[in-house]
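Novice: This structure is in structure tokens; I'll ask about it shortly.
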Amino acid sequence: MRGEVVGGQVVTGITSERGAPARLGATVDRDGVHVAVFSAHAERIELCLFEPGETRERIRLTLPGRTSEDVHFGFVPGLSAGALYGLRAYGPFAPERGHRFDAAKLLVDPYATRLDRPFVYHSLMAAPPERGIDTAPFVPRAVVEDWARDAAPLPFAKPGFTYELPVRAFSQTRADIPERLRGTLAALAEPASLDHLTRLGVETVELMPLAAAIDERHLVALGLTNAWGYNPIAHAAPCPRLVPGGWAEVRRTVDALHARGIRVLLDVVLNHSGESDRFGPTLSYRGLDNLTYYAALPDDPGTLVNDTGTGNTFALWREPVARMALDALKTWVEVGGVDGFRYDLGTVLGRTPEGFRPDAPLLTMIAADPVLRDRVHVAEPWDIGPGGYQVGAFPKPFLEWQDRFRDDIRRFWRGDAGTVSALATRLSGSPDLFDPKTRLPSDGVNFIDAHDGFTLRDLVSYEQKHNEANGEANRDGHGDNHSWNNGAEGETSDPAIIERRRRDVRALLATLFVARGNPMIVAGDEIGRTQGGNNNAYAQDNQTFWLDWTSADEALIGFTARLQRLRRALEPLSRDRFLTGETIGGEPDVVWLRADGAAMADADWADAGRALLGLRLAGEREAALVYLNRGQAPADIQLPAPRDGRSHWLELLSDRPDAEARPLASGTFQLGARAVAILREG
């Protein structure tokens, strides 16, 4: 072909003579760009090149090469970084056979690392082929990039105190962050953000999804926006809304957090794409090779498996699909510098046609990959498919979210009968779920709440969910939250109820920090954030979900920071061993105590109304005491004797949240209602 100028670059054609490149996607070479795309069932694939601002492509070039592994490839001389491109795939549109090819649909490269604009849902993205509607005006273009893969994550360590952080919601209302940065990843690199995280003692931030995503079609019809980002299309491309500066912004922000000693985990959604069910838009995977990328019923390739509840599920047991997921993870590490990942609906990563397997292809590939094997990997170990609950079943190096901790701690503090034994098991690190022979408490991530559900403040303020604003008549969201309202549903001006709620929040936080395992809170737990009783705020990209820094509870921030300092300073709290009764420093690692100082007996454990539990925790250098009183009245506690050579116990934390530490000269002290006490030997 005659030379064509596209975006200031002279393109003279495409060739297969250079052979298939080592990586899929667009790879910059010294004199052009390699393009490689997988599709086992496409008859041919076209590369579409765009001028900036134009709605239609300037050039279409058929990828001339095809490997035995069904990689379509070509080399475009004269093309360079900055070029805008998309793909079109040709093949049968035969939904009953699992094929949904439609060359009228412009497709985003699954290996794109940057998009020129955010995804915006349009119903024509799902138009049937017979209408012949070209979707190029509605679909973002991928941008050819030439990034150095030289990022340096921090050395491996368990997450420790983890702060789950929704990037957009975190900074929207912060007056001490420049307005142009609010709601973006770059806001986390600002001194105000870094100082807050440092003050709390955060060891790891877990960023909610940053990959380019699209709103669900039902939200668009309701005039709502997805605030969580769990509906991705381009898994290796930062979302232009959240990360307008692309990879440079990712690197700067990660570097700034690393400079404060804070690790960065990224929440990734590898279980599905934003293309939804068969009525959803055709944006990438569906148009390139629906039959390969998505799981379908074995005897009905036209019906998608929905183990994710989103309409589709990636077939991650297939090598090309697993490879796509693996390469996306490696891009975030090598280019962005992140320290690891949290895997949404992680059970899907281990699914095969035979069900969940710890040795499933993707799990095995992650554990063996030299870039990924020494990173932090945290699985959300469930999905909604058959056999989807897999807590404790993930192989090394995976850590796991711990929903049993969440539920048992909530039930104890709500006042449910017979929950003291469950409380003790969770405080011990959950050895019933994680095999003590092969696992550690730090293989579990403990939390009272997460982004999905009530906020910590709402947990003690609402008995029922209030999700009417989501447009689904309050049918969405969990119905069984183990929550309580302390005497009034929602906001109140009653000072007694407000004080009871504050006590409960402090008690829940303290329980989290004295338990074995990695403690995790959600951004806003420490400032008293409320969602007005909405326990499924994914559709509320507004004040409902944004953190309200103007009304931040400074006392609660200080209390949370104090808990983290105690957790790190006290050896008996920070030991990474299950509480089993083994000998530490000449005494059992734990003795479970009654209020009168005696050890718990079988009858005490069976007491369904028991409201107080004490622990004497041993360390090599010192011992500590923890008491949890969920009763509505103060508890008089007889303290056990300190070790030989120690004269007293030092009260570090109790129902006096702002009080300084004080020595307890006598053998008794009174712990207020709905409170946790921490003491160490003096």
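Labels for the structure tokens follow display order: chains A, B, ..., residues from 1 in each chain, ligands from 1.
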Just list the residues in segment 153-375 of chain A DSSP gives strand (DSSP E) on the backbone, as a PyMOL selection string.
Specialist: chain A and resi 162-165+204-207+211-213+232-238+263-268+296-297+300-304+340-343+351-352+355-356
Novice: Output as a tab-separated table one row per residue of segment 69-185 of chain A within 10 Å of segment 319-330 of chain A: the closest atom pair and its distance in Å to one decimal place, counting only C-alpha atoms, sorted by chain and residue number ascending.
Specialist:
residue	atom	partner	partner_atom	distance
A:Glu69	CA	A:Pro320	CA	9.0
A:Asp70	CA	A:Pro320	CA	9.6
A:Val71	CA	A:Pro320	CA	9.7
A:Pro110	CA	A:Met324	CA	7.5
A:Tyr111	CA	A:Ala328	CA	7.4
A:Ala112	CA	A:Ala328	CA	9.4
A:Thr113	CA	A:Ala328	CA	8.9
A:Arg149	CA	A:Lys330	CA	9.3
Novice: Measuring atom to atom with only C-alpha atoms, identify which of A:Arg680, A:Arg23, A:Arg577, A:Arg674 is nearest to Leu427 of chain A.
Specialist: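 Result for the nearest residue to Leu427 of chain A: A:Arg577.
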Novice: Select, from A:Glu206, A:Asp449, A:Asp408, A:Asp195, the residue with the minimum atom-to-atom distance to Leu165 of chain A, counting only C-alpha atoms.
Specialist: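 Looking at the shortest contact to Leu165 of chain A, the residue is A:Glu206.
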Novice: Write out as a count of residues only each polymer residue whose atoms come within 8 Å of Arg168 of chain A, counting only C-alpha atoms; drop sequence neighbours fewer than 5 positions from it.
Specialist: 7
Novice: Near segment 392-406 of chain A, within 8 Å and counting only C-alpha atoms, which residues show up once chain neighbours fewer than 4 positions away are dropped, as a list in words?
Specialist: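 Using only C-alpha atoms, the neighbours found are Pro358, Asp359, Leu363, Ala367, Arg373, Val376, His377, Val378, Ala379, Glu380, Pro381, Arg410, Arg426, Ser430, Leu433, Phe434, Asp435, Ser442, Asp443, Gly444, Val445, Asn446, Phe447, Ile448 and Asp449 of chain A.
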Novice: Pick out the closest residue to Gly229 of chain A from this set: A:His648, A:Arg241, A:Arg630, A:Arg278. Count only C-alpha atoms.
Specialist: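 Smallest separation from Gly229 of chain A among the options: A:Arg241.
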Novice: Work out how far atom CA of Asp480 of chain A is from atom CA of Glu526 of chain A, in Å to one decimal.
Specialist: 23.9 Å
Novice: Can you tell me which residues surround Ala186 of chain A at a distance of at most 8 Å, considering only C-alpha atoms, apart from same-chain residues fewer than 6 positions away, and format the answer as a list in words?
Specialist: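 Close residues of Ala186 of chain A: Val243, Glu249, Val250, Arg252 and Thr253 of chain A.
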Novice: Restricted to C-alpha atoms, what would the selected residues look like written as a PDB file, in the first residue's frame?
Specialist:
ATOM      1  CA  VAL A 243      -5.678   7.167  36.870  1.00  0.00           C
ATOM      2  CA  GLU A 249       0.762   8.167  37.862  1.00  0.00           C
ATOM      3  CA  VAL A 250       0.722   4.579  39.109  1.00  0.00           C
ATOM      4  CA  ARG A 252       4.616   7.935  41.296  1.00  0.00           C
ATOM      5  CA  THR A 253       1.886   6.956  43.734  1.00  0.00           C
TER       6      THR A 253
END
Novice: Pick from A:Arg30, A:Arg503, A:Arg439, A:Arg114: nearest to Asp655 of chain A, with only C-alpha atoms counted?
Specialist: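 Result for the nearest residue to Asp655 of chain A: A:Arg503.
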Novice: Contacts of Gly91 of chain A at 6 Å or less, counting only C-alpha atoms, minus same-chain residues fewer than 5 places along, as a VMD selection string?
Specialist: chain A and resid 42 to 43 101
Novice: Please report the interatomic distance between atom CA of Phe50 of chain A and atom CA of Ala81 of chain A in Å with one decimal.
Specialist: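 Interatomic distance here is 13.2 Å.
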Novice: To test your reading of the structure, identify every residue in segment 153-265 of chain A that backbone DSSP assigns to alpha helix (DSSP H), and report it as a ChimeraX atom specification.
Specialist: /A:167-171,191-200,217-222,246-259
Novice: Create the file for the chosen residues now, containing C-alpha atoms and written as a PDB file, in the first residue's frame.
Specialist:
ATOM      1  CA  VAL A 167      -9.461   5.440  45.263  1.00  0.00           C
ATOM      2  CA  ARG A 168     -12.183   7.775  44.005  1.00  0.00           C
ATOM      3  CA  ALA A 169     -14.193   7.878  47.222  1.00  0.00           C
ATOM      4  CA  PHE A 170     -11.165   8.390  49.470  1.00  0.00           C
ATOM      5  CA  SER A 171     -10.227  11.915  48.417  1.00  0.00           C
ATOM      6  CA  PRO A 191       1.127  14.681  51.973  1.00  0.00           C
ATOM      7  CA  ALA A 192      -2.368  14.814  53.505  1.00  0.00           C
ATOM      8  CA  SER A 193      -3.111  11.252  52.408  1.00  0.00           C
ATOM      9  CA  LEU A 194       0.300   9.878  53.282  1.00  0.00           C
ATOM     10  CA  ASP A 195       0.276  11.560  56.688  1.00  0.00           C
ATOM     11  CA  HIS A 196      -3.105  10.051  57.533  1.00  0.00           C
ATOM     12  CA  LEU A 197      -2.002   6.547  56.587  1.00  0.00           C
ATOM     13  CA  THR A 198       1.244   6.968  58.496  1.00  0.00           C
ATOM     14  CA  ARG A 199      -0.580   8.265  61.557  1.00  0.00           C
ATOM     15  CA  LEU A 200      -2.774   5.165  61.574  1.00  0.00           C
ATOM     16  CA  ARG A 217     -26.359  -1.518  31.640  1.00  0.00           C
ATOM     17  CA  HIS A 218     -29.016  -1.488  34.357  1.00  0.00           C
ATOM     18  CA  LEU A 219     -27.132   1.256  36.226  1.00  0.00           C
ATOM     19  CA  VAL A 220     -27.035   3.422  33.112  1.00  0.00           C
ATOM     20  CA  ALA A 221     -30.811   3.066  32.793  1.00  0.00           C
ATOM     21  CA  LEU A 222     -31.175   4.183  36.418  1.00  0.00           C
ATOM     22  CA  GLY A 246      -1.656   6.349  33.267  1.00  0.00           C
ATOM     23  CA  TRP A 247       1.336   4.284  34.318  1.00  0.00           C
ATOM     24  CA  ALA A 248       3.405   7.325  35.265  1.00  0.00           C
ATOM     25  CA  GLU A 249       0.762   8.167  37.862  1.00  0.00           C
ATOM     26  CA  VAL A 250       0.722   4.579  39.109  1.00  0.00           C
ATOM     27  CA  ARG A 251       4.493   4.554  39.532  1.00  0.00           C
ATOM     28  CA  ARG A 252       4.616   7.935  41.296  1.00  0.00           C
ATOM     29  CA  THR A 253       1.886   6.956  43.734  1.00  0.00           C
ATOM     30  CA  VAL A 254       3.291   3.531  44.513  1.00  0.00           C
ATOM     31  CA  ASP A 255       6.747   5.046  45.003  1.00  0.00           C
ATOM     32  CA  ALA A 256       5.321   7.641  47.398  1.00  0.00           C
ATOM     33  CA  LEU A 257       3.605   4.946  49.470  1.00  0.00           C
ATOM     34  CA  HIS A 258       6.738   2.812  49.449  1.00  0.00           C
ATOM     35  CA  ALA A 259       8.735   5.785  50.721  1.00  0.00           C
TER      36      ALA A 259
END
Novice: Skip Phe454 of chain A itself and residues of its chain fewer than 5 positions away, then list as a ChimeraX atom specification all residues within 10 Å of it, counting only C-alpha atoms.
Specialist: /A:448-449,459-462,464-466,477-478,481,483,530-537
Novice: Dump all heavy atoms for the selected residues as a short mmCIF file (atom, residue, chain, number, x, y, z; two decimals), in the first residue's frame?
Specialist:
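Contents of selection-v9.cif, as written:
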data_model
loop_
_atom_site.label_atom_id
_atom_site.label_comp_id
_atom_site.auth_asym_id
_atom_site.auth_seq_id
_atom_site.Cartn_x
_atom_site.Cartn_y
_atom_site.Cartn_z
N ILE A 448 -13.86 -6.93 60.16
CA ILE A 448 -15.22 -6.79 60.70
C ILE A 448 -16.17 -6.37 59.59
O ILE A 448 -17.33 -6.76 59.55
CB ILE A 448 -15.26 -5.74 61.83
CG1 ILE A 448 -14.24 -6.08 62.92
CG2 ILE A 448 -16.66 -5.65 62.41
CD1 ILE A 448 -14.51 -7.35 63.67
N ASP A 449 -15.67 -5.56 58.67
CA ASP A 449 -16.46 -5.13 57.53
C ASP A 449 -15.52 -4.94 56.35
O ASP A 449 -14.30 -4.86 56.52
CB ASP A 449 -17.24 -3.85 57.82
CG ASP A 449 -16.33 -2.65 58.10
OD1 ASP A 449 -15.35 -2.82 58.84
OD2 ASP A 449 -16.58 -1.56 57.57
N LEU A 459 -22.92 -0.75 61.05
CA LEU A 459 -23.12 -2.06 61.64
C LEU A 459 -23.77 -1.98 63.01
O LEU A 459 -24.56 -2.85 63.38
CB LEU A 459 -21.76 -2.77 61.75
CG LEU A 459 -21.73 -4.14 62.41
CD1 LEU A 459 -22.51 -5.15 61.58
CD2 LEU A 459 -20.29 -4.59 62.62
N VAL A 460 -23.48 -0.91 63.76
CA VAL A 460 -24.03 -0.76 65.10
C VAL A 460 -25.16 0.26 65.14
O VAL A 460 -25.61 0.65 66.21
CB VAL A 460 -22.92 -0.37 66.10
CG1 VAL A 460 -21.83 -1.42 66.09
CG2 VAL A 460 -22.35 1.01 65.81
N SER A 461 -25.62 0.67 63.95
CA SER A 461 -26.66 1.71 63.86
C SER A 461 -27.89 1.26 63.09
O SER A 461 -28.90 1.97 63.08
CB SER A 461 -26.09 2.96 63.18
OG SER A 461 -24.94 3.43 63.84
N TYR A 462 -27.81 0.12 62.41
CA TYR A 462 -28.93 -0.35 61.58
C TYR A 462 -29.12 -1.85 61.77
O TYR A 462 -28.16 -2.63 61.70
CB TYR A 462 -28.66 -0.09 60.10
CG TYR A 462 -28.62 1.37 59.72
CD1 TYR A 462 -27.43 2.09 59.80
CD2 TYR A 462 -29.77 2.03 59.28
CE1 TYR A 462 -27.38 3.44 59.46
CE2 TYR A 462 -29.73 3.37 58.94
CZ TYR A 462 -28.54 4.08 59.03
OH TYR A 462 -28.50 5.40 58.69
N GLN A 464 -31.44 -3.32 59.77
CA GLN A 464 -31.83 -3.73 58.42
C GLN A 464 -31.07 -2.90 57.39
O GLN A 464 -30.67 -1.77 57.64
CB GLN A 464 -33.35 -3.52 58.23
CG GLN A 464 -34.23 -4.20 59.26
CD GLN A 464 -34.11 -5.71 59.24
OE1 GLN A 464 -33.90 -6.30 58.18
NE2 GLN A 464 -34.26 -6.34 60.40
N LYS A 465 -30.89 -3.48 56.23
CA LYS A 465 -30.27 -2.74 55.13
C LYS A 465 -31.26 -1.71 54.59
O LYS A 465 -32.49 -1.89 54.67
CB LYS A 465 -29.85 -3.70 54.02
CG LYS A 465 -31.01 -4.47 53.42
CD LYS A 465 -30.57 -5.41 52.31
CE LYS A 465 -31.78 -6.15 51.73
NZ LYS A 465 -31.45 -7.00 50.59
N HIS A 466 -30.73 -0.66 53.99
CA HIS A 466 -31.55 0.42 53.43
C HIS A 466 -30.94 0.80 52.08
O HIS A 466 -30.24 1.81 51.96
CB HIS A 466 -31.60 1.61 54.38
CG HIS A 466 -32.27 1.29 55.68
ND1 HIS A 466 -33.63 1.43 55.89
CD2 HIS A 466 -31.77 0.79 56.84
CE1 HIS A 466 -33.93 1.06 57.12
NE2 HIS A 466 -32.81 0.67 57.72
N GLY A 477 -28.07 -6.68 48.00
CA GLY A 477 -27.30 -6.65 49.24
C GLY A 477 -27.67 -7.78 50.18
O GLY A 477 -28.76 -8.38 50.08
N HIS A 478 -26.77 -8.09 51.10
CA HIS A 478 -27.01 -9.18 52.05
C HIS A 478 -28.16 -8.84 52.98
O HIS A 478 -28.27 -7.71 53.46
CB HIS A 478 -25.75 -9.44 52.86
CG HIS A 478 -24.61 -9.95 52.05
ND1 HIS A 478 -24.63 -11.16 51.39
CD2 HIS A 478 -23.40 -9.40 51.77
CE1 HIS A 478 -23.49 -11.34 50.75
NE2 HIS A 478 -22.73 -10.29 50.95
N ASN A 481 -26.99 -9.59 58.25
CA ASN A 481 -25.77 -8.83 58.49
C ASN A 481 -25.24 -8.94 59.92
O ASN A 481 -24.21 -8.35 60.22
CB ASN A 481 -26.03 -7.35 58.18
CG ASN A 481 -26.39 -7.13 56.72
OD1 ASN A 481 -25.53 -7.16 55.85
ND2 ASN A 481 -27.67 -6.89 56.45
N SER A 483 -26.19 -7.43 62.45
CA SER A 483 -26.04 -6.05 62.88
C SER A 483 -27.06 -5.72 63.97
O SER A 483 -27.99 -6.49 64.24
CB SER A 483 -26.22 -5.10 61.69
OG SER A 483 -27.51 -5.22 61.13
N THR A 530 -20.45 6.74 57.43
CA THR A 530 -21.75 6.08 57.29
C THR A 530 -22.17 6.09 55.82
O THR A 530 -21.82 6.99 55.07
CB THR A 530 -22.83 6.78 58.12
OG1 THR A 530 -24.11 6.13 57.88
CG2 THR A 530 -22.97 8.25 57.76
N GLN A 531 -22.89 5.05 55.44
CA GLN A 531 -23.54 4.99 54.12
C GLN A 531 -25.05 5.05 54.27
O GLN A 531 -25.79 4.67 53.37
CB GLN A 531 -23.13 3.71 53.38
CG GLN A 531 -21.67 3.71 52.98
CD GLN A 531 -21.21 2.42 52.31
OE1 GLN A 531 -20.08 2.35 51.84
NE2 GLN A 531 -22.04 1.39 52.27
N GLY A 532 -25.52 5.52 55.40
CA GLY A 532 -26.95 5.65 55.63
C GLY A 532 -27.67 4.32 55.61
O GLY A 532 -28.85 4.26 55.28
N GLY A 533 -26.98 3.27 56.00
CA GLY A 533 -27.60 1.95 56.04
C GLY A 533 -27.57 1.20 54.73
O GLY A 533 -28.11 0.10 54.63
N ASN A 534 -26.95 1.77 53.71
CA ASN A 534 -26.81 1.07 52.43
C ASN A 534 -25.68 0.05 52.58
O ASN A 534 -24.54 0.42 52.85
CB ASN A 534 -26.50 2.06 51.31
CG ASN A 534 -26.60 1.45 49.92
OD1 ASN A 534 -26.21 0.30 49.70
ND2 ASN A 534 -27.12 2.22 48.97
N ASN A 535 -25.97 -1.23 52.39
CA ASN A 535 -24.93 -2.25 52.55
C ASN A 535 -24.48 -2.81 51.20
O ASN A 535 -23.86 -3.88 51.14
CB ASN A 535 -25.39 -3.38 53.49
CG ASN A 535 -26.36 -4.34 52.84
OD1 ASN A 535 -26.95 -4.08 51.78
ND2 ASN A 535 -26.55 -5.50 53.46
N ASN A 536 -24.79 -2.09 50.13
CA ASN A 536 -24.35 -2.50 48.79
C ASN A 536 -24.17 -1.24 47.94
O ASN A 536 -24.80 -1.06 46.91
CB ASN A 536 -25.39 -3.44 48.15
CG ASN A 536 -24.89 -4.08 46.88
OD1 ASN A 536 -23.70 -4.34 46.73
ND2 ASN A 536 -25.79 -4.35 45.95
N ALA A 537 -23.24 -0.39 48.37
CA ALA A 537 -23.13 0.96 47.79
C ALA A 537 -22.34 0.99 46.49
O ALA A 537 -21.82 2.04 46.10
CB ALA A 537 -22.50 1.90 48.81
#
Novice: Between A:Arg351, A:Glu463, A:Asp299, A:Gly667, single out the one closest to Glu489 of chain A, counting only C-alpha atoms.
Specialist: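 Looking at the shortest contact to Glu489 of chain A, the residue is A:Glu463.
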